[in-house]
Amino acid sequence: MTLLSISTANHVTILTLNRAETMNPLGAAGDGDAFVAACEAINADMDVRCVILTGAGRAFSAGGDIKAMKDKTGNFGGNAPTIADGYRNNIHKILRALYGLRVPLIAAVNGPAIGLGCDLACLADMRIASDKAKFGVTFLKLGIIPGDGGTWVLPRVIGEARAAELFYTGEVIDAATALDWGLVSRVVSQDSLMDEARALAAKVAAMPPHALRQAKNLMRQGRHTTYDTALEMAANAQALMHVTADHLEGVDALLEKRAPVFRGE
């Protein structure tokens with residue numbers, strides 16, 4: 001079955017993990033290529049200003065395919081070098097593609113987000129959870145470690161101590177705890193999750209597209225640069241924004257006390 005269902009409307013693309021009957025596992029052959037194709041298309045389309053990632057059915061994603069692990073098939077078959085290449089050439093493609101999105105990404109976590117599924121959600125810029133959501137990085141319970149870069153991602157979201165607690169115990173936390181820990185920014189009812197995600201995405205999509213992409217890039221680069229470098233990058237990016245039609249529209253709209261209409265010009 002095709003991994004992703006993709007729809008776009010009103011400057012927002014929704015990516016839905018579409019293996020509901022098996023809780024949206026990841027890692028089947030071609031999954032990485034599917035994410036790469038989807039994310040490259042989004043990056044190339046200046047009409048898209050925000051992305052929502054969610055899961056079909058009752059789960060966001062249960063992570064890696066446990067049956068494939070048991071049977072030593074697909075991504076989990078062969079000797080150690082073959083398995084390593086399976087991660088590099090498939091699972092890591094999923095993660096790199098999402099991380100490389102140039103527009104803001106919202107994870108609408110509709111149910112369990114476990115292992116790779118949790119780390120996938122953590123790559124989003126914003127996370128909204130339904131009251132049915134659960135989060136866990138249960139790799140050690142399976143006798144493995146996070147092969148998806150989760151030890152890099154999760155501490156940046158919730159801090160090293162809480163990330164260590166989840167990694168080293170394998171415990172699964174509910175949506176309320178995830179909110180308290182800062183893993184998600186809000187918890188809503190299951191029935192209203194997508195409405196809330198779309199409403200947030202609409203606010204993002206109302207912003208000027210070039211400035212949106214520049215702002216996301218500056219936030220990303222700021223994780224690794226000095227303050228002086230961040231200031232220099234900001235000066236150069238800001239200069240580009242000052243000569244856009246969208247900047248003039250924003251100024252005019254403020255002075256005229258009306259809502260701006262940004263066209264990506």
# chains A, B, ... in the order shown; residues from 1 in each chain; ligands from 1
>>> select_by_dssp(residues="segment 223-257 of chain A", states="alpha helix (DSSP H)", output="list in words")
Tyr227, Asp228, Thr229, Ala230, Leu231, Glu232, Met233, Ala234, Ala235, Asn236, Ala237, Gln238, Ala239, Leu240, Met241, His242, Ala245, Asp246, His247, Leu248, Glu249, Gly250, Val251, Asp252, Ala253, Leu254 and Leu255 of chain A
>>> write_last_selection(atoms="N, CA and C atoms", output="PDB file, in the first residue's frame")
ATOM      1  N   TYR A 227      26.407  33.815  17.805  1.00  0.00           N
ATOM      2  CA  TYR A 227      25.489  34.955  17.725  1.00  0.00           C
ATOM      3  C   TYR A 227      25.922  35.921  16.627  1.00  0.00           C
ATOM      4  N   ASP A 228      27.230  36.139  16.492  1.00  0.00           N
ATOM      5  CA  ASP A 228      27.721  37.028  15.447  1.00  0.00           C
ATOM      6  C   ASP A 228      27.336  36.509  14.064  1.00  0.00           C
ATOM      7  N   THR A 229      27.482  35.200  13.873  1.00  0.00           N
ATOM      8  CA  THR A 229      27.098  34.612  12.587  1.00  0.00           C
ATOM      9  C   THR A 229      25.601  34.740  12.358  1.00  0.00           C
ATOM     10  N   ALA A 230      24.817  34.512  13.413  1.00  0.00           N
ATOM     11  CA  ALA A 230      23.364  34.641  13.292  1.00  0.00           C
ATOM     12  C   ALA A 230      22.965  36.058  12.907  1.00  0.00           C
ATOM     13  N   LEU A 231      23.634  37.048  13.485  1.00  0.00           N
ATOM     14  CA  LEU A 231      23.346  38.441  13.142  1.00  0.00           C
ATOM     15  C   LEU A 231      23.689  38.733  11.684  1.00  0.00           C
ATOM     16  N   GLU A 232      24.809  38.220  11.217  1.00  0.00           N
ATOM     17  CA  GLU A 232      25.203  38.446   9.826  1.00  0.00           C
ATOM     18  C   GLU A 232      24.205  37.792   8.862  1.00  0.00           C
ATOM     19  N   MET A 233      23.805  36.576   9.175  1.00  0.00           N
ATOM     20  CA  MET A 233      22.810  35.896   8.337  1.00  0.00           C
ATOM     21  C   MET A 233      21.488  36.651   8.347  1.00  0.00           C
ATOM     22  N   ALA A 234      21.096  37.149   9.519  1.00  0.00           N
ATOM     23  CA  ALA A 234      19.839  37.891   9.629  1.00  0.00           C
ATOM     24  C   ALA A 234      19.889  39.176   8.805  1.00  0.00           C
ATOM     25  N   ALA A 235      21.025  39.875   8.821  1.00  0.00           N
ATOM     26  CA  ALA A 235      21.153  41.108   8.050  1.00  0.00           C
ATOM     27  C   ALA A 235      20.977  40.854   6.562  1.00  0.00           C
ATOM     28  N   ASN A 236      21.604  39.793   6.069  1.00  0.00           N
ATOM     29  CA  ASN A 236      21.520  39.482   4.648  1.00  0.00           C
ATOM     30  C   ASN A 236      20.117  39.031   4.247  1.00  0.00           C
ATOM     31  N   ALA A 237      19.508  38.176   5.077  1.00  0.00           N
ATOM     32  CA  ALA A 237      18.151  37.722   4.773  1.00  0.00           C
ATOM     33  C   ALA A 237      17.165  38.878   4.859  1.00  0.00           C
ATOM     34  N   GLN A 238      17.354  39.734   5.857  1.00  0.00           N
ATOM     35  CA  GLN A 238      16.456  40.872   6.021  1.00  0.00           C
ATOM     36  C   GLN A 238      16.539  41.818   4.833  1.00  0.00           C
ATOM     37  N   ALA A 239      17.726  42.030   4.318  1.00  0.00           N
ATOM     38  CA  ALA A 239      17.886  42.903   3.148  1.00  0.00           C
ATOM     39  C   ALA A 239      17.071  42.385   1.970  1.00  0.00           C
ATOM     40  N   LEU A 240      17.086  41.075   1.776  1.00  0.00           N
ATOM     41  CA  LEU A 240      16.298  40.478   0.691  1.00  0.00           C
ATOM     42  C   LEU A 240      14.805  40.706   0.909  1.00  0.00           C
ATOM     43  N   MET A 241      14.358  40.581   2.148  1.00  0.00           N
ATOM     44  CA  MET A 241      12.937  40.753   2.436  1.00  0.00           C
ATOM     45  C   MET A 241      12.494  42.198   2.231  1.00  0.00           C
ATOM     46  N   HIS A 242      13.377  43.152   2.509  1.00  0.00           N
ATOM     47  CA  HIS A 242      13.019  44.569   2.388  1.00  0.00           C
ATOM     48  C   HIS A 242      12.709  44.976   0.952  1.00  0.00           C
ATOM     49  N   ALA A 245       7.774  42.726  -2.681  1.00  0.00           N
ATOM     50  CA  ALA A 245       6.452  43.358  -2.708  1.00  0.00           C
ATOM     51  C   ALA A 245       5.657  42.994  -1.463  1.00  0.00           C
ATOM     52  N   ASP A 246       5.894  41.805  -0.922  1.00  0.00           N
ATOM     53  CA  ASP A 246       5.176  41.396   0.287  1.00  0.00           C
ATOM     54  C   ASP A 246       5.506  42.316   1.464  1.00  0.00           C
ATOM     55  N   HIS A 247       6.751  42.778   1.549  1.00  0.00           N
ATOM     56  CA  HIS A 247       7.106  43.721   2.620  1.00  0.00           C
ATOM     57  C   HIS A 247       6.320  45.020   2.481  1.00  0.00           C
ATOM     58  N   LEU A 248       6.245  45.525   1.275  1.00  0.00           N
ATOM     59  CA  LEU A 248       5.476  46.747   1.045  1.00  0.00           C
ATOM     60  C   LEU A 248       4.001  46.531   1.368  1.00  0.00           C
ATOM     61  N   GLU A 249       3.487  45.360   1.008  1.00  0.00           N
ATOM     62  CA  GLU A 249       2.098  45.051   1.326  1.00  0.00           C
ATOM     63  C   GLU A 249       1.885  45.004   2.833  1.00  0.00           C
ATOM     64  N   GLY A 250       2.812  44.430   3.563  1.00  0.00           N
ATOM     65  CA  GLY A 250       2.691  44.368   5.016  1.00  0.00           C
ATOM     66  C   GLY A 250       2.691  45.752   5.651  1.00  0.00           C
ATOM     67  N   VAL A 251       3.557  46.622   5.168  1.00  0.00           N
ATOM     68  CA  VAL A 251       3.620  47.991   5.691  1.00  0.00           C
ATOM     69  C   VAL A 251       2.340  48.744   5.366  1.00  0.00           C
ATOM     70  N   ASP A 252       1.895  48.642   4.103  1.00  0.00           N
ATOM     71  CA  ASP A 252       0.667  49.339   3.698  1.00  0.00           C
ATOM     72  C   ASP A 252      -0.539  48.844   4.496  1.00  0.00           C
ATOM     73  N   ALA A 253      -0.610  47.531   4.683  1.00  0.00           N
ATOM     74  CA  ALA A 253      -1.750  46.961   5.412  1.00  0.00           C
ATOM     75  C   ALA A 253      -1.789  47.452   6.853  1.00  0.00           C
ATOM     76  N   LEU A 254      -0.615  47.557   7.481  1.00  0.00           N
ATOM     77  CA  LEU A 254      -0.568  48.032   8.859  1.00  0.00           C
ATOM     78  C   LEU A 254      -1.007  49.497   8.941  1.00  0.00           C
ATOM     79  N   LEU A 255      -0.515  50.308   8.017  1.00  0.00           N
ATOM     80  CA  LEU A 255      -0.870  51.721   8.029  1.00  0.00           C
ATOM     81  C   LEU A 255      -2.346  51.939   7.689  1.00  0.00           C
TER      82      LEU A 255
END
>>> select_by_dssp(residues="segment 99-132 of chain A", states="strand (DSSP E)", output="PyMOL selection string")
chain A and resi 105-109+112-114+126-130
>>> residues_around(residues="Met23 of chain A", least_positions_apart="6", cutoff="8 Å", atoms="only C-alpha atoms", output="list in words")
Gly57, Arg58, Ala59, Phe60, Ser61 and Ala62 of chain A
>>> closest_residue(among="A:Gly74, A:Glu265, A:Ala164, A:Met126", to="Gly30 of chain A", atoms="only C-alpha atoms")
A:Gly74
>>> closest_residue(among="A:Gly117, A:Gly100, A:Pro155, A:Gly147", to="Ala41 of chain A", atoms="only C-alpha atoms")
A:Gly100
>>> residues_around(residues="segment 131-144 of chain A", least_positions_apart="6", cutoff="7 Å", atoms="only C-alpha atoms", output="PDB file with N, CA, C and O atoms, in the first residue's frame")
ATOM      1  N   VAL A 109      -0.727  14.773  15.921  1.00  0.00           N
ATOM      2  CA  VAL A 109      -0.511  13.427  16.444  1.00  0.00           C
ATOM      3  C   VAL A 109      -1.842  12.879  16.937  1.00  0.00           C
ATOM      4  O   VAL A 109      -2.322  13.221  18.008  1.00  0.00           O
ATOM      5  N   ASN A 110      -2.429  12.015  16.145  1.00  0.00           N
ATOM      6  CA  ASN A 110      -3.791  11.545  16.378  1.00  0.00           C
ATOM      7  C   ASN A 110      -3.876  10.330  17.283  1.00  0.00           C
ATOM      8  O   ASN A 110      -4.966   9.979  17.757  1.00  0.00           O
ATOM      9  N   GLY A 111      -2.759   9.669  17.548  1.00  0.00           N
ATOM     10  CA  GLY A 111      -2.759   8.467  18.366  1.00  0.00           C
ATOM     11  C   GLY A 111      -1.338   8.123  18.752  1.00  0.00           C
ATOM     12  O   GLY A 111      -0.460   8.996  18.769  1.00  0.00           O
ATOM     13  N   PRO A 112      -1.052   6.846  19.061  1.00  0.00           N
ATOM     14  CA  PRO A 112       0.300   6.477  19.468  1.00  0.00           C
ATOM     15  C   PRO A 112       1.364   6.895  18.454  1.00  0.00           C
ATOM     16  O   PRO A 112       1.223   6.679  17.246  1.00  0.00           O
ATOM     17  N   ALA A 113       2.427   7.499  18.970  1.00  0.00           N
ATOM     18  CA  ALA A 113       3.615   7.843  18.189  1.00  0.00           C
ATOM     19  C   ALA A 113       4.778   7.188  18.917  1.00  0.00           C
ATOM     20  O   ALA A 113       5.274   7.714  19.909  1.00  0.00           O
ATOM     21  N   ILE A 114       5.188   6.023  18.446  1.00  0.00           N
ATOM     22  CA  ILE A 114       6.114   5.176  19.177  1.00  0.00           C
ATOM     23  C   ILE A 114       7.387   4.958  18.365  1.00  0.00           C
ATOM     24  O   ILE A 114       7.338   4.756  17.151  1.00  0.00           O
ATOM     25  N   GLY A 115       8.537   4.974  19.039  1.00  0.00           N
ATOM     26  CA  GLY A 115       9.802   4.697  18.376  1.00  0.00           C
ATOM     27  C   GLY A 115      10.061   5.679  17.253  1.00  0.00           C
ATOM     28  O   GLY A 115      10.069   6.903  17.444  1.00  0.00           O
ATOM     29  N   CYS A 118       7.566   8.475  17.037  1.00  0.00           N
ATOM     30  CA  CYS A 118       7.782   9.591  17.949  1.00  0.00           C
ATOM     31  C   CYS A 118       8.867  10.519  17.416  1.00  0.00           C
ATOM     32  O   CYS A 118       8.718  11.750  17.425  1.00  0.00           O
ATOM     33  N   LEU A 166      13.009   8.754  29.013  1.00  0.00           N
ATOM     34  CA  LEU A 166      12.206   7.992  28.060  1.00  0.00           C
ATOM     35  C   LEU A 166      13.042   6.927  27.355  1.00  0.00           C
ATOM     36  O   LEU A 166      12.595   5.780  27.205  1.00  0.00           O
ATOM     37  N   PHE A 167      14.251   7.294  26.922  1.00  0.00           N
ATOM     38  CA  PHE A 167      15.093   6.318  26.229  1.00  0.00           C
ATOM     39  C   PHE A 167      15.475   5.148  27.134  1.00  0.00           C
ATOM     40  O   PHE A 167      15.405   3.987  26.742  1.00  0.00           O
ATOM     41  N   GLY A 170      12.123   3.165  28.471  1.00  0.00           N
ATOM     42  CA  GLY A 170      11.183   2.670  27.487  1.00  0.00           C
ATOM     43  C   GLY A 170       9.734   2.984  27.821  1.00  0.00           C
ATOM     44  O   GLY A 170       8.825   2.435  27.201  1.00  0.00           O
ATOM     45  N   GLU A 171       9.514   3.871  28.783  1.00  0.00           N
ATOM     46  CA  GLU A 171       8.143   4.187  29.183  1.00  0.00           C
ATOM     47  C   GLU A 171       7.417   4.981  28.088  1.00  0.00           C
ATOM     48  O   GLU A 171       8.026   5.716  27.318  1.00  0.00           O
ATOM     49  N   VAL A 172       6.104   4.819  28.077  1.00  0.00           N
ATOM     50  CA  VAL A 172       5.236   5.545  27.157  1.00  0.00           C
ATOM     51  C   VAL A 172       4.441   6.559  27.968  1.00  0.00           C
ATOM     52  O   VAL A 172       3.875   6.223  29.007  1.00  0.00           O
ATOM     53  N   ILE A 173       4.413   7.813  27.507  1.00  0.00           N
ATOM     54  CA  ILE A 173       3.700   8.860  28.235  1.00  0.00           C
ATOM     55  C   ILE A 173       2.432   9.262  27.484  1.00  0.00           C
ATOM     56  O   ILE A 173       2.345   9.123  26.262  1.00  0.00           O
ATOM     57  N   ASP A 174       1.447   9.743  28.234  1.00  0.00           N
ATOM     58  CA  ASP A 174       0.198  10.157  27.619  1.00  0.00           C
ATOM     59  C   ASP A 174       0.291  11.606  27.135  1.00  0.00           C
ATOM     60  O   ASP A 174       1.309  12.293  27.327  1.00  0.00           O
ATOM     61  N   ALA A 175      -0.790  12.068  26.512  1.00  0.00           N
ATOM     62  CA  ALA A 175      -0.779  13.396  25.917  1.00  0.00           C
ATOM     63  C   ALA A 175      -0.615  14.493  26.964  1.00  0.00           C
ATOM     64  O   ALA A 175       0.068  15.488  26.731  1.00  0.00           O
ATOM     65  N   VAL A 187      -3.040  20.066  23.592  1.00  0.00           N
ATOM     66  CA  VAL A 187      -3.783  18.806  23.508  1.00  0.00           C
ATOM     67  C   VAL A 187      -5.238  19.149  23.262  1.00  0.00           C
ATOM     68  O   VAL A 187      -5.814  19.992  23.957  1.00  0.00           O
ATOM     69  N   VAL A 188      -5.830  18.497  22.271  1.00  0.00           N
ATOM     70  CA  VAL A 188      -7.218  18.761  21.910  1.00  0.00           C
ATOM     71  C   VAL A 188      -7.950  17.433  21.795  1.00  0.00           C
ATOM     72  O   VAL A 188      -7.350  16.354  21.816  1.00  0.00           O
ATOM     73  N   SER A 189      -9.256  17.486  21.675  1.00  0.00           N
ATOM     74  CA  SER A 189     -10.030  16.256  21.534  1.00  0.00           C
ATOM     75  C   SER A 189      -9.709  15.591  20.204  1.00  0.00           C
ATOM     76  O   SER A 189      -9.316  16.249  19.232  1.00  0.00           O
ATOM     77  N   GLN A 190      -9.882  14.290  20.165  1.00  0.00           N
ATOM     78  CA  GLN A 190      -9.627  13.541  18.934  1.00  0.00           C
ATOM     79  C   GLN A 190     -10.438  14.105  17.766  1.00  0.00           C
ATOM     80  O   GLN A 190      -9.930  14.265  16.656  1.00  0.00           O
TER      81      GLN A 190
END
>>> residues_around(residues="Ala206 of chain A", least_positions_apart="6", cutoff="9 Å", atoms="only C-alpha atoms", output="ChimeraX atom specification")
/A:11,49,260-262
